[in-house]
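Chemist: Enclosed is the structure file input-v6.cif (mmCIF, C-alpha atoms).
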data_entry
loop_
_atom_site.label_atom_id
_atom_site.label_comp_id
_atom_site.auth_asym_id
_atom_site.auth_seq_id
_atom_site.Cartn_x
_atom_site.Cartn_y
_atom_site.Cartn_z
CA MET L 1 0.00 0.00 0.00
CA GLN L 2 2.80 2.36 0.99
CA ASP L 3 4.71 1.42 -2.15
CA LYS L 4 1.69 2.28 -4.29
CA GLU L 5 1.44 5.74 -2.70
CA THR L 6 5.16 6.38 -3.30
CA ALA L 7 4.73 5.41 -6.94
CA GLN L 8 1.76 7.77 -7.36
CA ASN L 9 3.64 10.73 -5.81
CA PHE L 10 6.62 10.00 -7.96
CA TYR L 11 4.40 10.07 -11.02
CA SER L 12 2.54 13.27 -10.12
CA ASP L 13 5.88 15.06 -9.76
CA ARG L 14 6.95 13.79 -13.15
CA LEU L 15 3.60 14.69 -14.69
CA LYS L 16 4.07 18.27 -13.52
CA ARG L 17 7.54 18.40 -15.01
CA ALA L 18 6.24 16.91 -18.28
CA ILE L 19 3.37 19.37 -18.66
CA HIS L 20 5.72 22.29 -17.94
CA LEU L 21 8.10 21.08 -20.64
CA LEU L 22 5.32 20.59 -23.17
CA LEU L 23 3.27 23.71 -22.53
CA PHE L 24 5.80 26.47 -21.90
CA ARG L 25 7.74 27.61 -24.92
CA ARG L 26 11.50 27.81 -24.33
CA GLY L 27 12.97 28.20 -27.82
CA LYS L 28 11.65 29.15 -31.24
CA MET L 29 9.31 26.19 -31.44
CA PRO L 30 6.69 24.98 -28.99
CA GLY L 31 6.68 21.52 -27.40
CA ALA L 32 9.65 19.45 -26.24
CA LYS L 33 12.21 17.23 -27.96
CA GLU L 34 12.43 13.58 -27.11
CA TRP L 35 15.92 13.93 -25.60
CA GLU L 36 14.72 16.80 -23.38
CA LEU L 37 11.91 14.65 -22.03
CA LYS L 38 14.27 11.70 -21.54
CA GLU L 39 16.74 13.95 -19.73
CA LYS L 40 14.19 15.53 -17.38
CA LEU L 41 11.76 12.65 -16.88
CA GLY L 42 14.01 9.61 -17.00
CA LYS L 43 14.11 6.52 -19.17
CA ASN L 44 10.46 5.59 -18.74
CA PHE L 45 9.34 9.03 -19.94
CA GLU L 46 7.02 7.40 -22.48
CA GLN L 47 4.91 6.00 -19.63
CA VAL L 48 4.73 9.47 -18.07
CA ILE L 49 3.65 10.94 -21.41
CA GLU L 50 1.04 8.21 -21.80
CA GLN L 51 -0.39 8.93 -18.35
CA LEU L 52 -0.40 12.67 -19.03
CA ASN L 53 -2.14 12.02 -22.33
CA GLN L 54 -4.95 10.22 -20.52
CA LEU L 55 -5.41 13.19 -18.19
CA LEU L 56 -5.34 15.69 -21.06
CA SER L 57 -7.86 13.73 -23.15
CA GLU L 58 -10.54 14.73 -20.62
CA LEU L 59 -9.80 18.34 -21.53
CA ASP L 60 -10.03 17.64 -25.30
CA LEU L 61 -6.24 17.85 -25.64
CA GLU L 62 -3.71 15.23 -26.67
CA ILE L 63 0.06 14.79 -26.92
CA LYS L 64 1.32 14.34 -30.45
CA LYS L 65 4.66 12.88 -31.48
CA VAL L 66 6.08 14.40 -34.68
CA LYS L 67 9.28 13.52 -36.54
CA GLU L 68 11.36 16.57 -37.45
CA SER L 69 13.77 17.10 -40.33
CA SER L 70 16.72 18.61 -38.35
CA SER L 71 19.68 16.31 -37.80
CA MET L 72 21.93 17.37 -34.89
CA GLU L 73 21.41 19.48 -31.78
CA THR L 74 23.70 20.50 -28.93
CA THR L 75 22.46 20.72 -25.33
CA GLN L 76 23.48 23.35 -22.78
CA GLU L 77 26.08 20.92 -21.43
CA GLY L 78 27.55 20.63 -24.90
CA GLU L 79 26.30 17.09 -25.55
CA ILE L 80 25.28 16.30 -29.08
CA HIS L 81 22.14 14.32 -29.67
CA PRO L 82 22.38 12.82 -33.14
CA GLY L 83 19.35 11.48 -34.90
CA ASP L 84 16.95 12.65 -32.19
CA MET L 85 14.41 14.27 -34.44
CA THR L 86 11.20 13.60 -32.54
CA ARG L 87 9.27 16.41 -30.91
CA TYR L 88 6.22 16.17 -28.66
CA TYR L 89 3.43 18.76 -28.75
CA ILE L 90 0.09 19.27 -27.08
CA THR L 91 -2.68 19.74 -29.62
CA LEU L 92 -6.43 19.99 -29.60
CA LYS L 93 -7.96 16.51 -29.76
CA GLY L 94 -11.24 17.58 -31.35
CA SER L 95 -11.72 20.31 -33.91
CA LEU L 96 -12.74 23.95 -33.91
CA GLY L 97 -15.86 25.50 -35.40
CA LEU L 98 -15.77 28.53 -37.70
CA LYS L 99 -16.74 30.89 -34.87
CA GLU L 100 -14.07 29.51 -32.54
CA ALA L 101 -11.43 29.81 -35.27
CA LYS L 102 -12.42 33.43 -35.80
CA MET L 103 -12.16 34.03 -32.05
CA ILE L 104 -8.53 32.86 -32.00
CA GLY L 105 -7.65 35.32 -34.75
CA TRP L 106 -8.13 33.40 -38.00
CA ARG L 107 -9.97 34.92 -40.95
CA ILE L 108 -12.10 32.65 -43.12
CA ASP L 109 -10.18 33.55 -46.27
CA ASN L 110 -6.84 32.75 -44.56
CA LEU L 111 -8.16 29.36 -43.45
CA ALA L 112 -9.46 28.74 -46.96
CA ALA L 113 -6.10 29.67 -48.49
CA LEU L 114 -4.28 27.38 -46.04
CA ALA L 115 -6.62 24.49 -46.90
CA ALA L 116 -6.06 25.13 -50.62
CA SER L 117 -2.27 25.34 -50.20
CA ILE L 118 -1.99 22.12 -48.18
CA ALA L 119 -4.33 20.16 -50.48
CA TYR L 120 -2.50 21.36 -53.59
CA LEU L 121 0.95 20.55 -52.17
CA LEU L 122 -0.24 17.11 -51.04
CA SER L 123 -1.57 16.37 -54.52
CA LYS L 124 1.95 17.21 -55.77
CA GLN L 125 3.58 14.79 -53.31
CA GLY L 126 4.14 17.55 -50.73
CA LYS L 127 6.24 19.88 -52.92
CA ALA L 128 5.57 22.44 -55.65
CA PRO L 129 7.29 25.57 -57.03
CA ARG L 130 6.19 28.68 -55.17
CA GLU L 131 5.04 30.32 -58.43
CA ASP L 132 2.60 27.46 -59.08
CA LEU L 133 1.15 27.75 -55.58
CA GLU L 134 0.81 31.52 -55.87
CA ARG L 135 -0.85 31.16 -59.27
CA LEU L 136 -3.39 28.75 -57.82
CA LEU L 137 -4.17 31.03 -54.88
CA SER L 138 -4.28 34.18 -57.02
CA ASN L 139 -7.17 32.73 -59.07
CA LYS L 140 -9.24 32.76 -55.91
CA PHE L 141 -7.80 35.47 -53.68
CA GLY L 142 -6.08 37.91 -56.08
CA LYS L 143 -2.40 38.18 -56.95
CA TRP L 144 -1.22 40.44 -54.12
CA LYS L 145 -3.11 38.63 -51.43
CA ALA L 146 -1.80 35.27 -52.68
CA VAL L 147 1.79 36.46 -52.28
CA THR L 148 1.08 37.85 -48.81
CA LEU L 149 -0.70 34.68 -47.71
CA VAL L 150 2.17 32.42 -48.82
CA ASP L 151 4.55 34.70 -46.87
CA VAL L 152 2.36 34.38 -43.77
CA PHE L 153 2.17 30.57 -44.05
CA LEU L 154 5.95 30.37 -44.47
CA ARG L 155 6.54 32.64 -41.47
CA THR L 156 4.20 30.67 -39.21
CA GLY L 157 5.68 27.28 -40.18
CA TYR L 158 2.67 25.89 -42.07
CA LEU L 159 4.75 25.87 -45.25
CA GLU L 160 8.48 25.74 -45.96
CA GLU L 161 10.51 27.06 -48.89
CA ASP L 162 13.98 25.96 -49.99
CA ASP L 163 16.66 27.94 -51.83
CA ALA L 164 15.33 26.81 -55.22
CA GLY L 165 11.92 28.36 -54.44
CA VAL L 166 10.19 25.02 -53.93
CA THR L 167 7.48 25.13 -51.27
CA SER L 168 6.62 22.14 -49.12
CA ILE L 169 4.51 21.15 -46.14
CA GLY L 170 5.91 22.76 -42.96
CA TRP L 171 6.43 21.37 -39.46
CA ARG L 172 3.29 23.07 -38.17
CA THR L 173 1.05 21.47 -40.79
CA GLN L 174 2.54 18.08 -39.98
CA SER L 175 1.85 18.65 -36.28
CA GLU L 176 -1.59 20.19 -36.52
CA VAL L 177 -3.34 18.88 -39.63
CA ASP L 178 -4.63 15.37 -40.14
CA LEU L 179 -3.59 15.15 -43.79
CA LYS L 180 -5.57 12.02 -44.62
CA THR L 181 -8.78 13.54 -43.24
CA LEU L 182 -8.15 16.75 -45.16
CA MET L 183 -7.72 14.93 -48.48
CA THR L 184 -10.73 12.70 -47.80
CA LYS L 185 -12.89 15.73 -47.00
CA MET L 186 -11.64 17.50 -50.15
CA ALA L 187 -12.55 14.47 -52.25
CA GLU L 188 -15.98 14.24 -50.62
CA VAL L 189 -16.96 17.83 -51.41
CA LYS L 190 -19.67 17.92 -54.06
CA LEU L 191 -19.66 20.85 -56.42
CA MET P 1 42.81 9.39 -89.82
CA SER P 2 41.73 13.04 -89.72
CA GLU P 3 38.23 12.00 -90.79
CA LYS P 4 38.13 9.59 -87.85
CA ASN P 5 39.25 12.39 -85.48
CA GLN P 6 36.57 14.69 -86.89
CA VAL P 7 33.89 12.04 -86.25
CA LYS P 8 35.23 11.61 -82.72
CA ARG P 9 35.19 15.40 -82.08
CA GLY P 10 31.60 15.58 -83.41
CA SER P 11 30.51 12.74 -81.13
CA TYR P 12 32.34 14.34 -78.24
CA ALA P 13 30.54 17.68 -78.68
CA SER P 14 27.10 16.20 -79.25
CA GLY P 15 27.63 13.80 -76.33
CA ARG P 16 28.40 16.61 -73.90
CA ARG P 17 25.37 18.54 -75.16
CA GLU P 18 23.07 15.56 -74.74
CA LEU P 19 24.34 14.80 -71.24
CA LYS P 20 23.86 18.41 -70.20
CA GLU P 21 20.29 18.30 -71.53
CA ILE P 22 19.63 15.13 -69.51
CA VAL P 23 21.05 16.79 -66.37
CA GLU P 24 18.88 19.89 -66.92
CA THR P 25 15.75 17.77 -67.35
CA CYS P 26 16.60 15.79 -64.20
CA GLU P 27 17.12 19.04 -62.25
CA ALA P 28 13.75 20.35 -63.44
CA ILE P 29 12.12 17.10 -62.29
CA SER P 30 13.82 17.40 -58.89
CA GLU P 31 12.43 20.94 -58.62
CA ARG P 32 8.95 19.52 -59.30
CA LYS P 33 8.60 21.34 -62.59
CA PHE P 34 7.85 18.08 -64.45
CA ASN P 35 6.40 14.70 -63.62
CA PRO P 36 9.20 12.16 -62.86
CA PHE P 37 7.88 9.91 -65.65
CA PHE P 38 8.43 12.72 -68.16
CA LEU P 39 11.99 11.42 -68.64
CA ASP P 40 12.72 8.04 -70.24
CA VAL P 41 15.45 6.84 -67.86
CA ARG P 42 16.32 3.84 -70.04
CA LEU P 43 17.01 6.14 -72.99
CA GLY P 44 19.16 8.32 -70.71
CA VAL P 45 21.25 5.32 -69.63
CA GLU P 46 21.63 4.21 -73.26
CA THR P 47 22.87 7.71 -74.15
CA LEU P 48 25.44 7.48 -71.34
CA ARG P 49 26.56 4.08 -72.60
CA GLN P 50 26.79 5.34 -76.19
CA TYR P 51 29.11 8.23 -75.38
CA PHE P 52 31.16 6.63 -72.61
CA PRO P 53 33.96 5.36 -75.00
CA PHE P 54 34.58 8.93 -76.21
CA TRP P 55 35.35 10.45 -72.82
CA GLU P 56 39.03 11.22 -72.25
CA THR P 57 39.31 14.11 -69.82
CA PHE P 58 38.56 14.14 -66.10
CA ALA P 59 35.81 16.75 -66.62
CA ASP P 60 34.01 14.46 -69.07
CA HIS P 61 34.05 11.55 -66.67
CA CYS P 62 32.75 13.86 -63.94
CA LEU P 63 29.89 14.92 -66.23
CA ASP P 64 29.16 11.25 -66.96
CA ALA P 65 29.06 10.41 -63.23
CA HIS P 66 26.95 13.49 -62.46
CA THR P 67 24.42 12.52 -65.16
CA LEU P 68 24.19 9.00 -63.76
CA ASN P 69 23.66 10.43 -60.29
CA ARG P 70 20.85 12.71 -61.54
CA LEU P 71 19.21 9.82 -63.39
CA SER P 72 19.24 7.73 -60.20
CA GLU P 73 17.53 10.63 -58.39
CA VAL P 74 14.78 10.59 -61.05
CA VAL P 75 14.36 6.83 -60.53
CA ARG P 76 14.01 7.50 -56.78
CA LEU P 77 11.36 10.16 -57.50
CA GLN P 78 9.51 7.76 -59.83
CA ASN P 79 9.51 5.19 -57.02
CA THR P 80 8.19 7.78 -54.54
CA GLN P 81 5.48 8.81 -56.99
CA LEU P 82 4.30 5.23 -57.45
CA LYS P 83 4.20 4.68 -53.68
CA PHE P 84 2.38 8.00 -53.24
CA GLN P 85 -0.20 7.16 -55.92
CA SER P 86 -1.05 3.95 -54.09
CA SER P 87 -1.49 5.81 -50.76
CA MET P 88 -4.57 7.43 -49.23
CA LEU P 89 -3.22 10.93 -49.88
CA TYR P 90 -3.16 10.64 -53.66
CA ALA P 91 -5.33 12.99 -55.65
CA ASP P 92 -4.84 14.26 -59.17
CA PRO P 93 -3.36 17.82 -58.96
CA GLU P 94 -5.62 19.02 -61.78
CA PHE P 95 -8.69 17.68 -59.99
CA ILE P 96 -7.67 19.36 -56.71
CA ALA P 97 -6.91 22.67 -58.48
CA ARG P 98 -10.36 22.57 -60.15
CA LYS P 99 -12.04 21.84 -56.82
CA ILE P 100 -10.21 24.67 -55.07
CA ASP P 101 -11.23 27.02 -57.86
CA ARG P 102 -14.90 26.09 -57.60
CA MET P 103 -15.28 25.72 -53.82
CA SER P 104 -16.39 28.71 -51.76
CA GLU P 105 -13.98 30.18 -49.22
CA LYS P 106 -16.28 29.12 -46.39
CA ARG P 107 -16.41 25.52 -47.61
CA LEU P 108 -12.63 25.38 -47.94
CA ALA P 109 -12.22 26.76 -44.41
CA GLU P 110 -14.68 24.16 -43.09
CA VAL P 111 -12.70 21.35 -44.75
CA LEU P 112 -9.54 22.53 -42.99
CA LEU P 113 -11.29 22.94 -39.64
CA GLN P 114 -12.51 19.33 -39.74
CA SER P 115 -8.92 18.09 -39.93
CA TRP P 116 -7.16 20.83 -37.93
CA HIS P 117 -6.00 20.28 -34.34
CA PRO P 118 -4.10 23.47 -33.41
CA LEU P 119 -1.15 23.41 -31.05
CA SER P 120 -1.62 24.47 -27.49
CA GLU P 121 1.09 26.39 -25.68
CA MET P 122 1.45 29.03 -22.98
CA GLU P 123 3.39 32.26 -22.95
CA GLN P 124 5.52 32.95 -19.90
CA LEU P 125 7.79 35.60 -18.43
CA THR P 126 11.37 35.54 -19.66
CA GLU P 127 14.27 37.89 -18.99
CA GLN P 128 13.57 39.71 -22.26
CA THR P 129 9.86 40.17 -21.60
CA LEU P 130 10.71 41.57 -18.14
CA VAL P 131 13.18 44.06 -19.68
CA ASN P 132 10.51 45.11 -22.21
CA ALA P 133 7.97 45.54 -19.42
CA ILE P 134 10.37 47.68 -17.30
CA ASN P 135 11.20 49.87 -20.32
CA TYR P 136 7.50 50.33 -21.07
CA TRP P 137 6.76 51.17 -17.43
CA ASN P 138 9.61 53.68 -17.21
CA ALA P 139 8.50 55.43 -20.39
CA LEU P 140 4.85 55.54 -19.28
CA LEU P 141 3.54 58.97 -18.22
CA PRO P 142 1.70 59.31 -14.88
CA ILE P 143 -2.04 58.72 -15.17
CA ALA P 144 -2.83 62.41 -14.50
CA ALA P 145 -0.64 63.48 -17.41
CA ARG P 146 -2.23 60.89 -19.67
CA TRP P 147 -5.75 62.08 -18.76
CA LYS P 148 -4.69 65.65 -19.39
CA ARG P 149 -3.45 64.73 -22.81
CA ARG P 150 -6.69 62.92 -23.50
CA GLU P 151 -8.77 65.96 -22.53
CA HIS P 152 -6.88 68.09 -25.06
CA MET P 153 -7.53 65.66 -27.86
CA ASP P 154 -10.29 66.59 -30.28
CA SER P 155 -12.59 63.65 -30.51
CA LYS P 156 -15.52 63.25 -32.83
CA GLN P 157 -18.68 61.31 -32.30
CA PRO P 158 -19.09 58.29 -34.62
CA SER P 159 -20.92 59.17 -37.80
CA PRO P 160 -21.97 57.19 -40.90
CA ALA P 161 -19.15 56.78 -43.43
CA SER P 162 -19.68 58.57 -46.71
CA ASN P 163 -19.25 56.98 -50.13
CA ASP P 164 -16.00 58.93 -50.63
CA THR P 165 -14.59 57.58 -47.33
CA LEU P 166 -15.40 54.01 -48.34
CA ILE P 167 -13.76 54.50 -51.74
CA GLY P 168 -10.77 56.10 -49.99
CA LEU P 169 -10.40 53.09 -47.68
CA GLY P 170 -10.50 50.72 -50.64
CA ILE P 171 -13.73 49.11 -49.39
CA ARG P 172 -15.65 50.32 -52.43
CA GLY P 173 -14.57 51.29 -55.90
CA GLU P 174 -11.48 50.19 -57.76
CA ASP P 175 -9.88 46.90 -56.87
CA PHE P 176 -6.59 47.03 -54.95
CA ASP P 177 -4.81 44.92 -57.60
CA GLN P 178 -5.89 47.30 -60.34
CA GLN P 179 -4.74 50.33 -58.33
CA LEU P 180 -1.28 48.78 -57.90
CA THR P 181 -1.00 47.81 -61.56
CA ARG P 182 -2.07 51.29 -62.66
CA LEU P 183 0.46 52.99 -60.37
CA LEU P 184 3.25 50.67 -61.54
CA ASP P 185 2.43 51.46 -65.18
CA GLU P 186 2.46 55.18 -64.36
CA LEU P 187 5.85 54.86 -62.66
CA ARG P 188 7.30 52.93 -65.60
CA ASP P 189 6.06 55.63 -68.03
CA VAL P 190 7.62 58.43 -65.97
CA TYR P 191 10.90 56.51 -65.67
CA LYS P 192 10.94 55.79 -69.42
CA SER P 193 10.40 59.46 -70.34
CA SER P 194 12.69 61.15 -67.79
CA GLY P 195 15.05 58.39 -66.59
CA TYR P 196 14.61 59.50 -62.97
CA VAL P 197 11.63 59.33 -60.62
CA GLY P 198 11.90 61.33 -57.42
CA TYR P 199 9.93 59.70 -54.59
CA TRP P 200 8.26 62.88 -53.35
CA ASN P 201 7.42 64.15 -56.84
CA PHE P 202 5.84 60.82 -57.66
CA ILE P 203 3.70 60.38 -54.57
CA ARG P 204 2.83 64.03 -53.84
CA ARG P 205 -0.65 65.18 -54.87
CA PRO P 206 -2.65 68.29 -53.91
CA GLU P 207 -4.83 66.22 -51.56
CA TYR P 208 -2.99 64.90 -48.48
CA GLN P 209 -5.17 61.75 -48.43
CA GLU P 210 -4.23 60.94 -52.02
CA THR P 211 -0.54 61.48 -51.25
CA VAL P 212 -0.72 59.01 -48.34
CA ASN P 213 -2.61 56.51 -50.52
CA ARG P 214 0.06 56.68 -53.24
CA ALA P 215 2.83 56.26 -50.64
CA TYR P 216 0.94 53.24 -49.25
CA LEU P 217 0.68 51.65 -52.72
CA VAL P 218 4.35 52.41 -53.50
CA SER P 219 5.37 50.65 -50.28
CA PHE P 220 3.70 47.48 -51.60
CA LEU P 221 5.52 47.79 -54.94
CA VAL P 222 8.85 48.21 -53.12
CA THR P 223 8.21 45.33 -50.70
CA TYR P 224 7.39 42.90 -53.50
CA ASP P 225 10.38 43.90 -55.64
CA TYR P 226 8.43 45.63 -58.43
CA VAL P 227 10.22 48.90 -57.66
CA LYS P 228 13.56 49.68 -56.00
CA LEU P 229 13.82 52.57 -53.55
CA HIS P 230 17.21 54.33 -53.73
CA VAL P 231 18.40 56.62 -50.96
CA HIS P 232 21.16 59.19 -51.71
CA GLU P 233 21.70 61.41 -48.69
CA ASP P 234 18.33 63.26 -48.49
CA GLU P 235 17.18 62.23 -51.98
CA LEU P 236 14.75 59.34 -52.42
CA SER P 237 14.19 57.90 -55.90
CA LEU P 238 12.22 55.03 -57.41
CA VAL P 239 13.41 52.68 -60.16
CA PRO P 240 11.07 50.07 -61.68
CA THR P 241 12.56 46.55 -61.68
CA ASP P 242 13.13 44.85 -65.07
CA GLN P 243 12.37 41.36 -63.86
CA PRO P 244 10.47 41.60 -60.58
CA SER P 245 10.53 38.48 -58.41
CA GLY P 246 7.13 39.36 -56.95
CA LYS P 247 8.32 38.15 -53.54
CA ALA P 248 9.15 39.93 -50.31
CA LYS P 249 12.82 39.47 -49.40
CA PRO P 250 13.17 37.65 -46.08
CA SER P 251 16.14 39.88 -45.14
CA ALA P 252 14.36 43.14 -46.07
CA THR P 253 14.27 45.91 -43.48
CA SER P 254 11.62 48.53 -42.78
CA PHE P 255 12.24 52.06 -44.03
CA PRO P 256 9.69 54.42 -42.46
CA ILE P 257 9.06 57.65 -44.38
CA PRO P 258 7.00 60.25 -42.48
CA ILE P 259 4.67 62.27 -44.71
CA PRO P 260 4.23 65.75 -43.22
CA ARG P 261 1.03 67.58 -44.09
CA SER P 262 2.86 70.71 -45.25
CA ASP P 263 4.78 68.73 -47.94
#
What is this file in structure tokens?

Modeler:
Amino acid sequence: MQDKETAQNFYSDRLKRAIHLLLFRRGKMPGAKEWELKEKLGKNFEQVIEQLNQLLSELDLEIKKVKESSSMETTQEGEIHPGDMTRYYITLKGSLGLKEAKMIGWRIDNLAALAASIAYLLSKQGKAPREDLERLLSNKFGKWKAVTLVDVFLRTGYLEEDDAGVTSIGWRTQSEVDLKTLMTKMAEVKL
Amino acid sequence: MSEKNQVKRGSYASGRRELKEIVETCEAISERKFNPFFLDVRLGVETLRQYFPFWETFADHCLDAHTLNRLSEVVRLQNTQLKFQSSMLYADPEFIARKIDRMSEKRLAEVLLQSWHPLSEMEQLTEQTLVNAINYWNALLPIAARWKRREHMDSKQPSPASNDTLIGLGIRGEDFDQQLTRLLDELRDVYKSSGYVGYWNFIRRPEYQETVNRAYLVSFLVTYDYVKLHVHEDELSLVPTDQPSGKAKPSATSFPIPIPRSD
């Protein structure tokens, strides 16, 4: 009985540490890297995350594990963590309505442009020249707005652009958007 | 013997040209300008095999190896495309583009919302935010002084907006795109005729509101590389770009220009 209580206290302390790491932004990107969680929570951090996920699910939130594209990172102590490219985020489990999306600062036309950009890039295997994407958006939103919108999506991490001007799906889209659902819903729309 | 050398030189030149064309096509495919199946890889390999006996210099062998490398990249892309086409995410790009074109903005937004689970995070105090807060607090006037300033301000009661105001704000009347295009054409004409366009001469109009509007439109043209703004001591001039990129430069900096009423 006493052992059980010790285990529960131990876990609640770790749960607090885990939620602090996941919720509070420390660098440029939100969430926490796998090595950070391992370092602060111990080897069985996955069990802690699992338990935290169960608690969060009651609040319509969930912890998502996303693979990143960066290769090497150095810690404060100077250690290098090669190949650790997994990041954990807390995301909304359900979905938002139009009114809620407006309340958190999104305009309908921006949401529409983001949907169009992601769907188009996915149909092109996740990559397309920026000019093609801007041309597609300009048919619907006008030339100047299309350019501005692509800039905004690049800045916020929903899209990425390489030196050759090829746009691709960004880290934020991979973390936040269920791509299969998006494409299924696009296919289901009747015109 | 010389005839044989001539044939060899001809093969050498055409071989290099063909290999360069293959490399260019492969590069375009890598940049997603063409479908990976646009290139016949087998024909490319046969071309490599055909010209391989003619290569003598190190540069030629490098070109041969580079072409082979590019062809293998195209094969990898073809493989990815086949895997992608057999996945759940596959949709014909033309079909998607047509759908996007015909769907309403609201419907598109709804589609995204059904599959969107935004990130949740919290903002917290850091050393920098504390420094910003202290600076703001130190620069803040006492409440009495702020009220005093407010009392001196002329405030107007809200009134219905007139048609002219709505046109001035760009809510009614000419489309923003058209206004920009018209102004750019005007600037190009002035530059063509005089070879120099002074910033103030170009934007200044008898009405202050119109001057501000022209400055606002010019700022868009400068940001998106349609026009270059040159600064020589106190002189500001505008030069239309020959081949505008149409993109904002990520490293671009702000250049605020106050527009006094008297000017």

Chemist: Using the chain letters and numbers from the file, give me the residues hit by the PyMOL selection byres ((chain L) within 7 of (chain P)), as an MDAnalysis selection string.

Modeler: chainID L and resid 23:25 30 89:97 108:109 111:112 115:116 120 122:125 127:129 140 144 147 166 176:178 180:183 185:186

Chemist: If I take CA of Arg214 in chain P and CA of Ala113 in chain L, how far is one from the other in Å, to one decimal?

Modeler: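 Spanning CA of Arg214 in chain P to CA of Ala113 in chain L is a straight-line distance of 28.1 Å.
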
Chemist: What is the distance, in Å and to one decimal place, between CA of Ala59 in chain P and CA of Asp163 in chain L?

Modeler: 26.7 Å

Chemist: May I have the residues within 9 Å of Ile203 in chain P as a ChimeraX atom specification, using all atoms listed in the file and disregarding those fewer than 4 positions away in the same chain?

Modeler: /P:198-199,210-215,218

Chemist: Which residue, P:Asp189, P:Gln178, P:Pro256, P:Glu207, has the smallest gap to Leu229 in chain P when you use all atoms listed in the file?

Modeler: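 Nearest candidate to Leu229 in chain P out of P:Asp189, P:Gln178, P:Pro256, P:Glu207: P:Pro256.
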
Chemist: Please report the interatomic distance between CA of Lys40 in chain L and CA of Lys28 in chain L in Å with one decimal.

Modeler: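 Pair CA of Lys40 in chain L / CA of Lys28 in chain L returns 19.6 Å.
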
Chemist: For the provided coordinates, the residues matched by the PyMOL selection byres ((chain L and resi 86) around 6) should be stated as a list in words.

Modeler: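 With the shown file as input, the PyMOL selection byres ((chain L and resi 86) around 6) matches Lys33, Glu34, Val66, Lys67, Glu68, Asp84, Met85 and Arg87 of chain L.
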
Chemist: For Gly42 in chain L, list every protein, DNA or RNA residue within 12 Å, evaluated using all atoms listed in the file, and leave out those in the same chain fewer than 4 positions away; present the list as a PyMOL selection string.

Modeler: chain L and resi 10-11+14-15+17-18+34-38+46-49

Chemist: For Asp151 in chain L, which residue among P:Gln128, P:Phe54, P:Ile259, P:Thr223 is the nearest when counting all atoms listed in the file?

Modeler: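 Closest candidate: P:Thr223.
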
Chemist: Env of Arg17 in chain P: 12 Å cut, atoms = all atoms listed in the file, seq-sep filter 6 positions within chain, self excluded. Answer as a PDB file with C-alpha atoms, keeping the file's coordinate frame.

Modeler:
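Produced file part.pdb, reproduced below:
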ATOM      1  CA  GLY P  10      31.600  15.580 -83.410  1.00  0.00           C
ATOM      2  CA  SER P  11      30.510  12.740 -81.130  1.00  0.00           C
ATOM      3  CA  VAL P  23      21.050  16.790 -66.370  1.00  0.00           C
ATOM      4  CA  GLU P  24      18.880  19.890 -66.920  1.00  0.00           C
ATOM      5  CA  THR P  47      22.870   7.710 -74.150  1.00  0.00           C
ATOM      6  CA  LEU P  48      25.440   7.480 -71.340  1.00  0.00           C
ATOM      7  CA  TYR P  51      29.110   8.230 -75.380  1.00  0.00           C
ATOM      8  CA  ASP P  60      34.010  14.460 -69.070  1.00  0.00           C
ATOM      9  CA  LEU P  63      29.890  14.920 -66.230  1.00  0.00           C
ATOM     10  CA  ASP P  64      29.160  11.250 -66.960  1.00  0.00           C
ATOM     11  CA  THR P  67      24.420  12.520 -65.160  1.00  0.00           C
TER      12      THR P  67
END

Chemist: Evaluating the PyMOL selection byres ((chain L and resi 150) around 9) on the displayed file yields which residues, as a PyMOL selection string?

Modeler: chain L and resi 113-114+117+130+133-134+137+145-149+151-155+159

Chemist: Any chance you can output those residues with C-alpha atoms as an mmCIF file, in the coordinates of the input?

Modeler:
data_model
loop_
_atom_site.group_PDB
_atom_site.id
_atom_site.type_symbol
_atom_site.label_atom_id
_atom_site.label_comp_id
_atom_site.auth_asym_id
_atom_site.auth_seq_id
_atom_site.Cartn_x
_atom_site.Cartn_y
_atom_site.Cartn_z
ATOM 1 C CA ALA L 113 -6.100 29.670 -48.490
ATOM 2 C CA LEU L 114 -4.280 27.380 -46.040
ATOM 3 C CA SER L 117 -2.270 25.340 -50.200
ATOM 4 C CA ARG L 130 6.190 28.680 -55.170
ATOM 5 C CA LEU L 133 1.150 27.750 -55.580
ATOM 6 C CA GLU L 134 0.810 31.520 -55.870
ATOM 7 C CA LEU L 137 -4.170 31.030 -54.880
ATOM 8 C CA LYS L 145 -3.110 38.630 -51.430
ATOM 9 C CA ALA L 146 -1.800 35.270 -52.680
ATOM 10 C CA VAL L 147 1.790 36.460 -52.280
ATOM 11 C CA THR L 148 1.080 37.850 -48.810
ATOM 12 C CA LEU L 149 -0.700 34.680 -47.710
ATOM 13 C CA ASP L 151 4.550 34.700 -46.870
ATOM 14 C CA VAL L 152 2.360 34.380 -43.770
ATOM 15 C CA PHE L 153 2.170 30.570 -44.050
ATOM 16 C CA LEU L 154 5.950 30.370 -44.470
ATOM 17 C CA ARG L 155 6.540 32.640 -41.470
ATOM 18 C CA LEU L 159 4.750 25.870 -45.250
#

Chemist: Which of these residues is nearest to Gly31 in chain L, using only C-alpha atoms: L:Ser57, L:Asp162, L:Ile169, L:Tyr88?

Modeler: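 Ranked by minimum distance to Gly31 in chain L, first place goes to L:Tyr88.
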
Chemist: Using all atoms listed in the file, which residue out of P:Gly44, P:Gly195, P:Pro260, P:Pro206 lies closest to Val74 in chain P?

Modeler: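 Smallest separation from Val74 in chain P among the options: P:Gly44.
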